[in-house]
$ cat query_14.tsv   # TSV, C-alpha atoms and all ligand atoms
chain	number	residue	atom	x	y	z
A	1	MET	CA	-22.85	257.45	-43.42
A	2	CYS	CA	-24.30	259.89	-46.00
A	3	HIS	CA	-24.01	257.65	-49.09
A	4	ALA	CA	-22.02	260.33	-50.96
A	5	GLY	CA	-20.03	259.08	-53.95
A	6	ALA	CA	-16.25	258.88	-54.19
A	7	ALA	CA	-16.19	262.27	-55.97
A	8	ARG	CA	-17.03	263.85	-52.59
A	9	PHE	CA	-14.04	262.25	-50.81
A	10	ARG	CA	-10.94	264.35	-50.14
A	11	VAL	CA	-7.63	262.54	-49.71
A	12	MET	CA	-6.06	263.66	-46.41
A	13	GLY	CA	-2.86	261.64	-46.56
A	14	LEU	CA	-1.39	258.27	-45.70
A	15	ARG	CA	-1.40	256.12	-42.58
A	16	LEU	CA	0.83	253.17	-41.78
A	17	ASN	CA	-0.37	249.81	-40.45
A	18	ARG	CA	1.56	250.65	-37.26
A	19	SER	CA	2.15	253.71	-35.11
A	20	THR	CA	3.24	256.57	-37.38
A	21	GLY	CA	5.56	258.05	-34.73
A	22	PHE	CA	7.50	261.27	-35.25
A	23	SER	CA	9.25	260.20	-38.46
A	24	PRO	CA	6.75	258.12	-40.42
A	25	SER	CA	8.76	258.43	-43.67
A	26	ALA	CA	11.60	256.50	-42.01
A	27	ARG	CA	9.34	253.59	-40.99
A	28	THR	CA	8.57	250.41	-42.87
A	29	GLY	CA	5.03	249.15	-43.22
A	30	VAL	CA	1.97	249.18	-45.43
A	31	ALA	CA	0.54	252.65	-46.09
A	32	VAL	CA	-3.15	253.21	-46.82
A	33	THR	CA	-4.95	256.37	-48.01
A	34	ILE	CA	-7.07	258.22	-45.48
A	35	CYS	CA	-10.06	260.15	-46.88
A	36	ARG	CA	-12.59	262.62	-45.47
A	37	CYS	CA	-16.12	262.88	-46.83
A	38	ARG	CA	-16.85	266.51	-47.72
A	39	GLU	CA	-20.58	265.95	-47.10
A	40	CYS	CA	-20.61	264.41	-43.62
A	41	GLY	CA	-17.10	264.73	-42.17
A	42	LEU	CA	-16.56	260.96	-41.93
A	43	ILE	CA	-12.86	260.01	-42.00
A	44	PHE	CA	-11.97	256.53	-43.18
A	45	ALA	CA	-9.26	254.30	-44.61
A	46	ASN	CA	-9.72	253.90	-48.37
A	47	PRO	CA	-9.35	251.05	-49.25
A	48	GLN	CA	-10.47	249.48	-45.98
A	49	PRO	CA	-7.93	247.34	-44.09
A	50	ILE	CA	-7.94	243.59	-44.54
A	51	PRO	CA	-8.54	240.95	-43.20
A	52	LEU	CA	-12.25	241.61	-43.33
A	53	GLN	CA	-13.04	238.86	-40.81
A	54	PHE	CA	-13.65	240.50	-37.45
A	55	SER	CA	-12.14	237.62	-35.48
A	56	ASP	CA	-8.86	237.86	-37.42
A	57	GLN	CA	-8.29	241.36	-36.04
A	58	TYR	CA	-9.54	240.80	-32.51
A	59	ASP	CA	-8.45	237.31	-31.59
A	60	VAL	CA	-6.71	238.50	-28.42
A	61	SER	CA	-7.24	238.07	-24.70
A	62	PRO	CA	-8.95	240.85	-22.71
A	63	GLU	CA	-5.64	241.46	-20.87
A	64	GLU	CA	-3.86	241.98	-24.20
A	65	TYR	CA	-6.57	244.28	-25.60
A	66	TRP	CA	-7.05	246.46	-22.54
A	67	HIS	CA	-3.59	247.24	-21.23
A	68	ASP	CA	-4.92	248.59	-17.96
A	69	LEU	CA	-7.73	246.06	-17.76
A	70	ASP	CA	-9.87	246.36	-14.68
A	71	LEU	CA	-12.14	243.34	-14.42
A	72	GLU	CA	-13.94	244.72	-11.40
A	73	TRP	CA	-17.41	246.16	-12.04
A	74	ARG	CA	-18.13	249.40	-10.21
A	75	SER	CA	-21.44	251.19	-9.79
A	76	SER	CA	-19.96	254.22	-11.59
A	77	TYR	CA	-19.52	252.20	-14.80
A	78	PHE	CA	-21.81	253.54	-17.59
A	79	LYS	CA	-23.50	255.77	-15.00
A	80	LYS	CA	-22.96	259.01	-16.92
A	81	GLU	CA	-24.60	257.55	-20.03
A	82	LEU	CA	-27.58	256.26	-18.03
A	83	GLY	CA	-27.85	259.73	-16.41
A	84	ILE	CA	-28.19	261.37	-19.85
A	85	LEU	CA	-30.80	258.76	-20.78
A	86	GLU	CA	-32.78	259.59	-17.65
A	87	LYS	CA	-32.67	263.30	-18.48
A	88	LEU	CA	-34.10	262.47	-21.90
A	89	GLY	CA	-37.18	261.08	-20.11
A	90	PHE	CA	-36.29	257.37	-20.33
A	91	ARG	CA	-38.01	254.97	-17.90
A	92	PHE	CA	-35.70	252.15	-16.80
A	93	GLU	CA	-38.11	249.84	-15.00
A	94	GLY	CA	-39.60	247.23	-17.32
A	95	SER	CA	-37.43	248.32	-20.25
A	96	ARG	CA	-35.25	246.06	-22.40
A	97	SER	CA	-31.67	246.99	-23.42
A	98	LEU	CA	-29.10	245.66	-25.87
A	99	ASP	CA	-25.32	246.16	-25.57
A	100	ILE	CA	-23.71	245.71	-29.01
A	101	GLY	CA	-20.06	244.73	-28.55
A	102	ALA	CA	-20.63	244.13	-24.85
A	103	GLY	CA	-16.99	243.19	-24.13
A	104	ILE	CA	-16.76	241.41	-20.81
A	105	GLY	CA	-20.29	242.48	-19.85
A	106	LYS	CA	-19.74	245.41	-17.48
A	107	GLY	CA	-22.24	247.61	-19.35
A	108	MET	CA	-24.88	244.87	-19.19
A	109	ARG	CA	-24.37	244.66	-15.45
A	110	SER	CA	-24.87	248.44	-15.10
A	111	MET	CA	-28.03	248.37	-17.22
A	112	SER	CA	-29.33	245.44	-15.21
A	113	GLU	CA	-28.64	247.32	-11.94
A	114	ALA	CA	-30.62	250.28	-13.36
A	115	GLY	CA	-33.66	248.02	-13.66
A	116	MET	CA	-33.42	247.06	-17.32
A	117	ASP	CA	-33.72	243.57	-18.77
A	118	ALA	CA	-30.18	243.57	-20.24
A	119	PHE	CA	-29.26	241.71	-23.42
A	120	GLY	CA	-25.95	241.86	-25.30
A	121	PHE	CA	-23.57	240.18	-27.67
A	122	GLU	CA	-19.82	240.18	-28.16
A	123	PRO	CA	-17.84	238.91	-31.17
A	124	VAL	CA	-14.56	238.13	-29.36
A	125	GLU	CA	-14.69	234.72	-27.68
A	126	ALA	CA	-12.08	235.52	-25.01
A	127	PHE	CA	-14.09	238.56	-23.83
A	128	TYR	CA	-17.34	236.63	-24.01
A	129	LYS	CA	-15.98	233.83	-21.81
A	130	VAL	CA	-15.02	236.35	-19.09
A	131	GLY	CA	-18.57	237.74	-19.19
A	132	ILE	CA	-20.07	234.29	-18.69
A	133	SER	CA	-17.59	233.02	-16.08
A	134	ARG	CA	-16.90	236.15	-14.05
A	135	TYR	CA	-20.17	238.07	-14.27
A	136	GLY	CA	-22.40	235.03	-14.47
A	137	LEU	CA	-24.26	236.50	-17.45
A	138	SER	CA	-26.93	234.19	-18.78
A	139	PRO	CA	-26.16	232.65	-22.20
A	140	GLY	CA	-29.80	233.34	-23.01
A	141	ARG	CA	-29.17	237.07	-22.64
A	142	PHE	CA	-25.45	237.31	-23.58
A	143	LYS	CA	-24.52	235.85	-26.97
A	144	LEU	CA	-21.27	235.24	-28.82
A	145	GLY	CA	-21.43	236.73	-32.32
A	146	THR	CA	-21.15	239.71	-34.66
A	147	ILE	CA	-23.81	242.26	-35.61
A	148	GLU	CA	-23.92	240.66	-39.05
A	149	ASP	CA	-25.03	237.36	-37.47
A	150	ALA	CA	-27.19	238.71	-34.65
A	151	GLU	CA	-30.96	238.42	-34.93
A	152	TYR	CA	-33.67	239.90	-32.69
A	153	PRO	CA	-37.35	240.65	-33.33
A	154	ASP	CA	-38.28	244.06	-34.79
A	155	ASP	CA	-39.27	246.79	-32.29
A	156	TYR	CA	-37.92	244.68	-29.38
A	157	PHE	CA	-35.58	246.97	-27.38
A	158	ASP	CA	-36.11	250.30	-25.61
A	159	PHE	CA	-32.41	251.13	-25.51
A	160	ILE	CA	-29.40	250.02	-27.57
A	161	THR	CA	-25.78	251.00	-27.06
A	162	PHE	CA	-22.80	251.05	-29.44
A	163	ASP	CA	-20.13	251.97	-26.88
A	164	ALA	CA	-16.81	252.37	-28.78
A	165	VAL	CA	-17.98	249.93	-31.46
A	166	LEU	CA	-19.00	251.66	-34.72
A	167	GLU	CA	-15.41	252.73	-35.51
A	168	HIS	CA	-14.40	249.03	-35.63
A	169	LEU	CA	-17.15	247.87	-38.03
A	170	HIS	CA	-16.89	247.69	-41.80
A	171	ASP	CA	-20.41	249.03	-42.36
A	172	PRO	CA	-21.36	251.46	-39.57
A	173	ASP	CA	-24.41	252.83	-41.40
A	174	GLY	CA	-25.73	249.33	-42.22
A	175	SER	CA	-25.15	248.30	-38.58
A	176	LEU	CA	-27.06	251.35	-37.37
A	177	VAL	CA	-29.97	250.54	-39.70
A	178	LYS	CA	-30.07	246.98	-38.33
A	179	ALA	CA	-30.09	248.23	-34.72
A	180	LEU	CA	-32.87	250.72	-35.56
A	181	ARG	CA	-34.98	247.81	-36.77
A	182	TRP	CA	-34.61	246.11	-33.35
A	183	LEU	CA	-35.47	249.35	-31.52
A	184	LYS	CA	-39.02	250.32	-30.56
A	185	PRO	CA	-40.32	253.61	-32.00
A	186	GLY	CA	-39.41	256.33	-29.46
A	187	GLY	CA	-36.50	254.19	-28.16
A	188	PHE	CA	-32.94	255.45	-27.81
A	189	ILE	CA	-29.56	254.44	-29.23
A	190	HIS	CA	-26.37	255.56	-27.48
A	191	ILE	CA	-23.22	255.86	-29.59
A	192	GLU	CA	-19.68	256.68	-28.53
A	193	VAL	CA	-17.15	257.07	-31.37
A	194	PRO	CA	-13.87	258.88	-32.06
A	195	SER	CA	-14.47	262.40	-33.39
A	196	SER	CA	-13.14	263.36	-36.83
A	197	ASN	CA	-12.59	266.90	-35.50
A	198	TRP	CA	-10.16	266.02	-32.68
A	199	PHE	CA	-7.81	268.96	-32.20
A	200	ILE	CA	-4.79	266.83	-31.23
A	201	ALA	CA	-5.02	264.92	-34.53
A	202	LYS	CA	-5.00	268.28	-36.34
A	203	LEU	CA	-1.86	269.26	-34.39
A	204	TYR	CA	-0.12	266.02	-35.36
A	205	ASN	CA	-1.14	266.44	-39.00
A	206	PHE	CA	0.23	270.00	-38.98
A	207	TYR	CA	3.50	268.66	-37.58
A	208	TYR	CA	3.68	266.03	-40.36
A	209	ARG	CA	3.06	268.72	-43.01
A	210	CYS	CA	5.88	270.82	-41.53
A	211	ARG	CA	8.15	267.80	-41.94
A	212	LEU	CA	7.06	267.67	-45.60
A	213	THR	CA	5.54	264.19	-45.30
A	214	SER	CA	2.10	263.20	-46.61
A	215	PHE	CA	1.21	261.22	-43.46
A	216	VAL	CA	-1.75	261.87	-41.17
A	217	THR	CA	-2.50	260.46	-37.73
A	218	ASN	CA	-6.25	259.89	-38.20
A	219	THR	CA	-7.82	256.51	-37.39
A	220	SER	CA	-4.81	255.59	-35.22
A	221	PRO	CA	-6.05	254.70	-31.76
A	222	MET	CA	-3.79	254.18	-28.76
A	223	HIS	CA	-3.32	250.51	-29.59
A	224	SER	CA	-4.01	248.08	-32.43
A	225	PRO	CA	-6.27	247.14	-34.11
A	226	PHE	CA	-6.66	250.45	-35.88
A	227	HIS	CA	-10.00	252.14	-36.31
A	228	HIS	CA	-11.75	252.12	-39.67
A	229	PHE	CA	-13.70	255.36	-39.12
A	230	GLU	CA	-13.89	258.70	-37.31
A	231	PHE	CA	-17.26	260.47	-37.16
A	232	SER	CA	-18.64	263.97	-36.91
A	233	ARG	CA	-22.05	265.10	-35.69
A	234	LYS	CA	-22.92	265.73	-39.33
A	235	SER	CA	-22.30	262.03	-40.12
A	236	PHE	CA	-25.27	261.21	-37.87
A	237	GLU	CA	-27.38	264.18	-39.02
A	238	LYS	CA	-27.12	262.94	-42.61
A	239	SER	CA	-27.90	259.36	-41.54
A	240	ALA	CA	-30.88	260.59	-39.47
A	241	VAL	CA	-32.65	262.05	-42.52
A	242	ARG	CA	-32.44	258.75	-44.41
A	243	ASN	CA	-32.91	256.29	-41.57
A	244	GLY	CA	-35.76	257.83	-39.53
A	245	PHE	CA	-34.25	258.98	-36.27
A	246	THR	CA	-33.71	262.27	-34.45
A	247	ILE	CA	-30.58	263.35	-32.61
A	248	ALA	CA	-31.75	263.71	-29.00
A	249	HIS	CA	-28.41	264.63	-27.41
A	250	THR	CA	-24.81	265.07	-28.42
A	251	HIS	CA	-21.62	266.22	-26.73
A	252	VAL	CA	-17.88	265.85	-27.12
A	253	GLU	CA	-15.59	264.58	-24.38
A	254	VAL	CA	-12.04	265.84	-24.23
A	255	CYS	CA	-10.30	262.82	-22.63
A	256	GLU	CA	-6.59	262.72	-21.93
A	257	THR	CA	-4.23	264.35	-24.39
A	258	THR	CA	-1.53	262.15	-25.88
A	259	THR	CA	0.90	264.85	-26.90
A	260	PRO	CA	4.48	264.91	-25.66
A	261	ILE	CA	3.88	268.51	-24.52
A	262	LYS	CA	2.22	267.57	-21.24
A	263	SER	CA	2.74	271.02	-19.74
A	264	PHE	CA	0.23	272.36	-22.27
A	265	ASP	CA	-2.38	269.76	-21.25
A	266	PHE	CA	-4.40	272.21	-19.19
A	267	LEU	CA	-4.62	274.78	-22.00
A	268	LEU	CA	-5.27	272.15	-24.67
A	269	LYS	CA	-8.09	270.60	-22.67
A	270	ARG	CA	-9.68	274.02	-22.06
A	271	TYR	CA	-9.43	274.83	-25.76
A	272	MET	CA	-10.89	271.48	-26.86
A	273	LYS	CA	-13.76	271.80	-24.39
A	274	TRP	CA	-14.49	275.34	-25.56
A	275	THR	CA	-14.39	274.49	-29.28
A	276	GLY	CA	-15.96	271.00	-29.09
A	277	THR	CA	-12.85	269.41	-30.61
A	278	GLY	CA	-12.23	266.66	-28.04
A	279	LEU	CA	-11.53	263.01	-28.75
A	280	GLN	CA	-14.85	261.27	-28.15
A	281	LEU	CA	-18.17	262.08	-29.80
A	282	ILE	CA	-21.24	260.96	-27.83
A	283	VAL	CA	-24.60	260.83	-29.59
A	284	PHE	CA	-28.06	259.74	-28.38
A	285	LEU	CA	-30.57	259.01	-31.16
A	286	ARG	CA	-34.33	258.64	-30.79
A	287	LYS	CA	-36.16	256.45	-33.30
A	288	ASN	CA	-39.00	258.36	-34.94
A	289	GLY	CA	-42.56	257.14	-34.79
A	301	ZN	ZN	-20.34	261.22	-46.09

$ encode --input "query_14.tsv" --output "structure tokens" --more "lines below"
Ligand SMILES: [Zn+2]
Amino acid sequence: MCHAGAARFRVMGLRLNRSTGFSPSARTGVAVTICRCRECGLIFANPQPIPLQFSDQYDVSPEEYWHDLDLEWRSSYFKKELGILEKLGFRFEGSRSLDIGAGIGKGMRSMSEAGMDAFGFEPVEAFYKVGISRYGLSPGRFKLGTIEDAEYPDDYFDFITFDAVLEHLHDPDGSLVKALRWLKPGGFIHIEVPSSNWFIAKLYNFYYRCRLTSFVTNTSPMHSPFHHFEFSRKSFEKSAVRNGFTIAHTHVEVCETTTPIKSFDFLLKRYMKWTGTGLQLIVFLRKNG
């Protein structure tokens, strides 16, 4: 995200290609080094996991990917994000939006309901098919494909969203640059990514150090496939200077804790809210010009 060289990377520890659990040293699997960039706080697997082909990691049904899959669209879906956009002075009527990694198309439906001409694409065929068959999305608006393959005219969209997407891509900065090219000057990009400052991850890492192991929990989501990256606000601040955008809004959401010490949930959530060390980082960018 900041183009710093490898000399600026700090090795945090190891992660397995499966859940690390409470005794990672006793588990079999392939371990990979996890690094943190000293310049921008980005956490990433180094080397990156293979296979590099997106479809090889995500060739699963929606039911398999989302354990508690709810196919039903509700008016509350993506409403909070659209509310922030409205507060930033965005006009929905007559605007054009793009959902990158649109899944089964719920976000596109919400943007359409808000008065936007909603476009999107999704790389996983099984998700894409649900979007077409269940939501009746037009193949002219909803495409099957990756960001590497996608093509749109320059300065075409007023709003673009990467909702829980950048952490899965091999080149988040390059993907952001491509999306910025499709965005009109003054347009907004919404990004939701896992935070590299999540307090619960720090607790787990402390626990692993106490057990004298070199494992860390970072980039392990709740289910496979694993994430490639965790981001900090600074990751986007550094990218903003080089890529011509301004950070219009940012906040951190706490989400549910996943610790076994559920009785401390209340205190942990309060602490994470107070210190901005929750799980999800939400960023709205405005393209300069
Ligand atoms: Zn960096």

$ residues_near_ligand --input "query_14.tsv" --ligand "ligand ZN 301 (chain A)" --cutoff "6 Å" --atoms "all atoms listed in the file" --output "ChimeraX atom specification"
/A:1-4,37,39-40,42

$ residues_around --input "query_14.tsv" --residues "region 87-96 of chain A" --least-positions-apart "2" --cutoff "9 Å" --atoms "only C-alpha atoms" --output "ChimeraX atom specification"
/A:82-85,98,111,114-119,156-160,187-188,248-249

$ write_last_selection --input "query_14.tsv" --atoms "C-alpha atoms" --output "mmCIF file, keeping the file's coordinate frame"
data_model
loop_
_atom_site.group_PDB
_atom_site.id
_atom_site.type_symbol
_atom_site.label_atom_id
_atom_site.label_comp_id
_atom_site.auth_asym_id
_atom_site.auth_seq_id
_atom_site.Cartn_x
_atom_site.Cartn_y
_atom_site.Cartn_z
ATOM 1 C CA LEU A 82 -27.580 256.260 -18.030
ATOM 2 C CA GLY A 83 -27.850 259.730 -16.410
ATOM 3 C CA ILE A 84 -28.190 261.370 -19.850
ATOM 4 C CA LEU A 85 -30.800 258.760 -20.780
ATOM 5 C CA LEU A 98 -29.100 245.660 -25.870
ATOM 6 C CA MET A 111 -28.030 248.370 -17.220
ATOM 7 C CA ALA A 114 -30.620 250.280 -13.360
ATOM 8 C CA GLY A 115 -33.660 248.020 -13.660
ATOM 9 C CA MET A 116 -33.420 247.060 -17.320
ATOM 10 C CA ASP A 117 -33.720 243.570 -18.770
ATOM 11 C CA ALA A 118 -30.180 243.570 -20.240
ATOM 12 C CA PHE A 119 -29.260 241.710 -23.420
ATOM 13 C CA TYR A 156 -37.920 244.680 -29.380
ATOM 14 C CA PHE A 157 -35.580 246.970 -27.380
ATOM 15 C CA ASP A 158 -36.110 250.300 -25.610
ATOM 16 C CA PHE A 159 -32.410 251.130 -25.510
ATOM 17 C CA ILE A 160 -29.400 250.020 -27.570
ATOM 18 C CA GLY A 187 -36.500 254.190 -28.160
ATOM 19 C CA PHE A 188 -32.940 255.450 -27.810
ATOM 20 C CA ALA A 248 -31.750 263.710 -29.000
ATOM 21 C CA HIS A 249 -28.410 264.630 -27.410
#

$ closest_residue --input "query_14.tsv" --among "A:Glu122, A:Glu86, A:Asp155, A:Asp173" --to "Arg141 (chain A)" --atoms "only C-alpha atoms"
A:Glu122

$ residues_near_point --input "query_14.tsv" --point "(-19.5, 264.5, -36.7)" --cutoff "9 Å" --atoms "all atoms listed in the file" --output "ChimeraX atom specification"
/A:40-42,195-197,230-237,281

$ axis_aligned_box --input "query_14.tsv" --around "region 161-164 of chain A" --padding-each-side "4 Å" --output "AutoDock Vina command-line options"
--center_x -21.3 --center_y 251.7 --center_z -28.2 --size_x 17.0 --size_y 9.4 --size_z 10.6

$ closest_residue --input "query_14.tsv" --among "A:Ser133, A:Thr28, A:Ser239, A:Asn46" --to "Ser175 (chain A)" --atoms "all atoms listed in the file"
A:Ser239

$ closest_residue --input "query_14.tsv" --among "A:Glu192, A:Tyr204, A:Lys238, A:Phe199" --to "Gln280 (chain A)" --atoms "all atoms listed in the file"
A:Glu192

$ atom_distance --input "query_14.tsv" --atom1 "CA of Val11 (chain A)" --atom2 "CA of Cys35 (chain A)"
4.4 Å

$ atom_distance --input "query_14.tsv" --atom1 "CA of Lys129 (chain A)" --atom2 "CA of Arg74 (chain A)"
19.5 Å

$ build_atoms --input "query_14.tsv" --residues "region 71-96 of chain A" --atoms "N, CA, C and O atoms" --output "tab-separated table (two decimals), keeping the file's coordinate frame"
chain	number	residue	atom	x	y	z
A	71	LEU	N	-11.02	244.28	-14.28
A	71	LEU	CA	-12.14	243.34	-14.42
A	71	LEU	C	-13.28	243.66	-13.45
A	71	LEU	O	-14.40	243.20	-13.63
A	72	GLU	N	-12.95	244.45	-12.44
A	72	GLU	CA	-13.94	244.72	-11.40
A	72	GLU	C	-15.04	245.65	-11.90
A	72	GLU	O	-14.75	246.70	-12.46
A	73	TRP	N	-16.29	245.26	-11.71
A	73	TRP	CA	-17.41	246.16	-12.04
A	73	TRP	C	-17.61	247.14	-10.90
A	73	TRP	O	-17.54	246.76	-9.74
A	74	ARG	N	-17.82	248.39	-11.23
A	74	ARG	CA	-18.13	249.40	-10.21
A	74	ARG	C	-19.43	250.08	-10.56
A	74	ARG	O	-19.77	250.19	-11.75
A	75	SER	N	-20.12	250.59	-9.54
A	75	SER	CA	-21.44	251.19	-9.79
A	75	SER	C	-21.33	252.44	-10.67
A	75	SER	O	-22.31	252.88	-11.25
A	76	SER	N	-20.13	253.02	-10.76
A	76	SER	CA	-19.96	254.22	-11.59
A	76	SER	C	-19.88	253.89	-13.08
A	76	SER	O	-20.01	254.77	-13.92
A	77	TYR	N	-19.70	252.59	-13.40
A	77	TYR	CA	-19.52	252.20	-14.80
A	77	TYR	C	-20.80	252.43	-15.60
A	77	TYR	O	-21.87	251.96	-15.24
A	78	PHE	N	-20.70	253.21	-16.68
A	78	PHE	CA	-21.81	253.54	-17.59
A	78	PHE	C	-22.86	254.43	-16.92
A	78	PHE	O	-23.94	254.63	-17.45
A	79	LYS	N	-22.52	254.99	-15.75
A	79	LYS	CA	-23.50	255.77	-15.00
A	79	LYS	C	-23.82	257.10	-15.69
A	79	LYS	O	-24.97	257.55	-15.70
A	80	LYS	N	-22.78	257.73	-16.25
A	80	LYS	CA	-22.96	259.01	-16.92
A	80	LYS	C	-23.93	258.87	-18.09
A	80	LYS	O	-24.82	259.68	-18.28
A	81	GLU	N	-23.76	257.79	-18.86
A	81	GLU	CA	-24.60	257.55	-20.03
A	81	GLU	C	-26.06	257.32	-19.60
A	81	GLU	O	-26.99	257.84	-20.20
A	82	LEU	N	-26.22	256.53	-18.51
A	82	LEU	CA	-27.58	256.26	-18.03
A	82	LEU	C	-28.21	257.54	-17.47
A	82	LEU	O	-29.43	257.73	-17.55
A	83	GLY	N	-27.37	258.44	-16.92
A	83	GLY	CA	-27.85	259.73	-16.41
A	83	GLY	C	-28.40	260.59	-17.55
A	83	GLY	O	-29.45	261.23	-17.39
A	84	ILE	N	-27.71	260.59	-18.68
A	84	ILE	CA	-28.19	261.37	-19.85
A	84	ILE	C	-29.52	260.78	-20.32
A	84	ILE	O	-30.48	261.50	-20.63
A	85	LEU	N	-29.58	259.45	-20.34
A	85	LEU	CA	-30.80	258.76	-20.78
A	85	LEU	C	-31.99	259.15	-19.88
A	85	LEU	O	-33.09	259.42	-20.38
A	86	GLU	N	-31.73	259.21	-18.60
A	86	GLU	CA	-32.78	259.59	-17.65
A	86	GLU	C	-33.26	261.02	-17.92
A	86	GLU	O	-34.47	261.29	-17.90
A	87	LYS	N	-32.30	261.91	-18.19
A	87	LYS	CA	-32.67	263.30	-18.48
A	87	LYS	C	-33.50	263.42	-19.76
A	87	LYS	O	-34.25	264.37	-19.94
A	88	LEU	N	-33.33	262.46	-20.65
A	88	LEU	CA	-34.10	262.47	-21.90
A	88	LEU	C	-35.51	261.90	-21.69
A	88	LEU	O	-36.28	261.76	-22.64
A	89	GLY	N	-35.83	261.55	-20.43
A	89	GLY	CA	-37.18	261.08	-20.11
A	89	GLY	C	-37.35	259.57	-20.19
A	89	GLY	O	-38.47	259.07	-20.20
A	90	PHE	N	-36.23	258.83	-20.20
A	90	PHE	CA	-36.29	257.37	-20.33
A	90	PHE	C	-36.72	256.73	-19.01
A	90	PHE	O	-36.26	257.13	-17.95
A	91	ARG	N	-37.59	255.72	-19.09
A	91	ARG	CA	-38.01	254.97	-17.90
A	91	ARG	C	-37.31	253.62	-17.91
A	91	ARG	O	-37.47	252.84	-18.84
A	92	PHE	N	-36.53	253.36	-16.85
A	92	PHE	CA	-35.70	252.15	-16.80
A	92	PHE	C	-36.50	250.89	-16.46
A	92	PHE	O	-36.30	249.83	-17.05
A	93	GLU	N	-37.38	251.02	-15.48
A	93	GLU	CA	-38.11	249.84	-15.00
A	93	GLU	C	-38.95	249.23	-16.13
A	93	GLU	O	-39.69	249.94	-16.81
A	94	GLY	N	-38.80	247.94	-16.31
A	94	GLY	CA	-39.60	247.23	-17.32
A	94	GLY	C	-39.09	247.40	-18.73
A	94	GLY	O	-39.71	246.92	-19.68
A	95	SER	N	-37.95	248.11	-18.89
A	95	SER	CA	-37.43	248.32	-20.25
A	95	SER	C	-36.43	247.22	-20.62
A	95	SER	O	-35.91	246.53	-19.74
A	96	ARG	N	-36.15	247.10	-21.91
A	96	ARG	CA	-35.25	246.06	-22.40
A	96	ARG	C	-34.10	246.73	-23.15
A	96	ARG	O	-34.33	247.59	-23.99
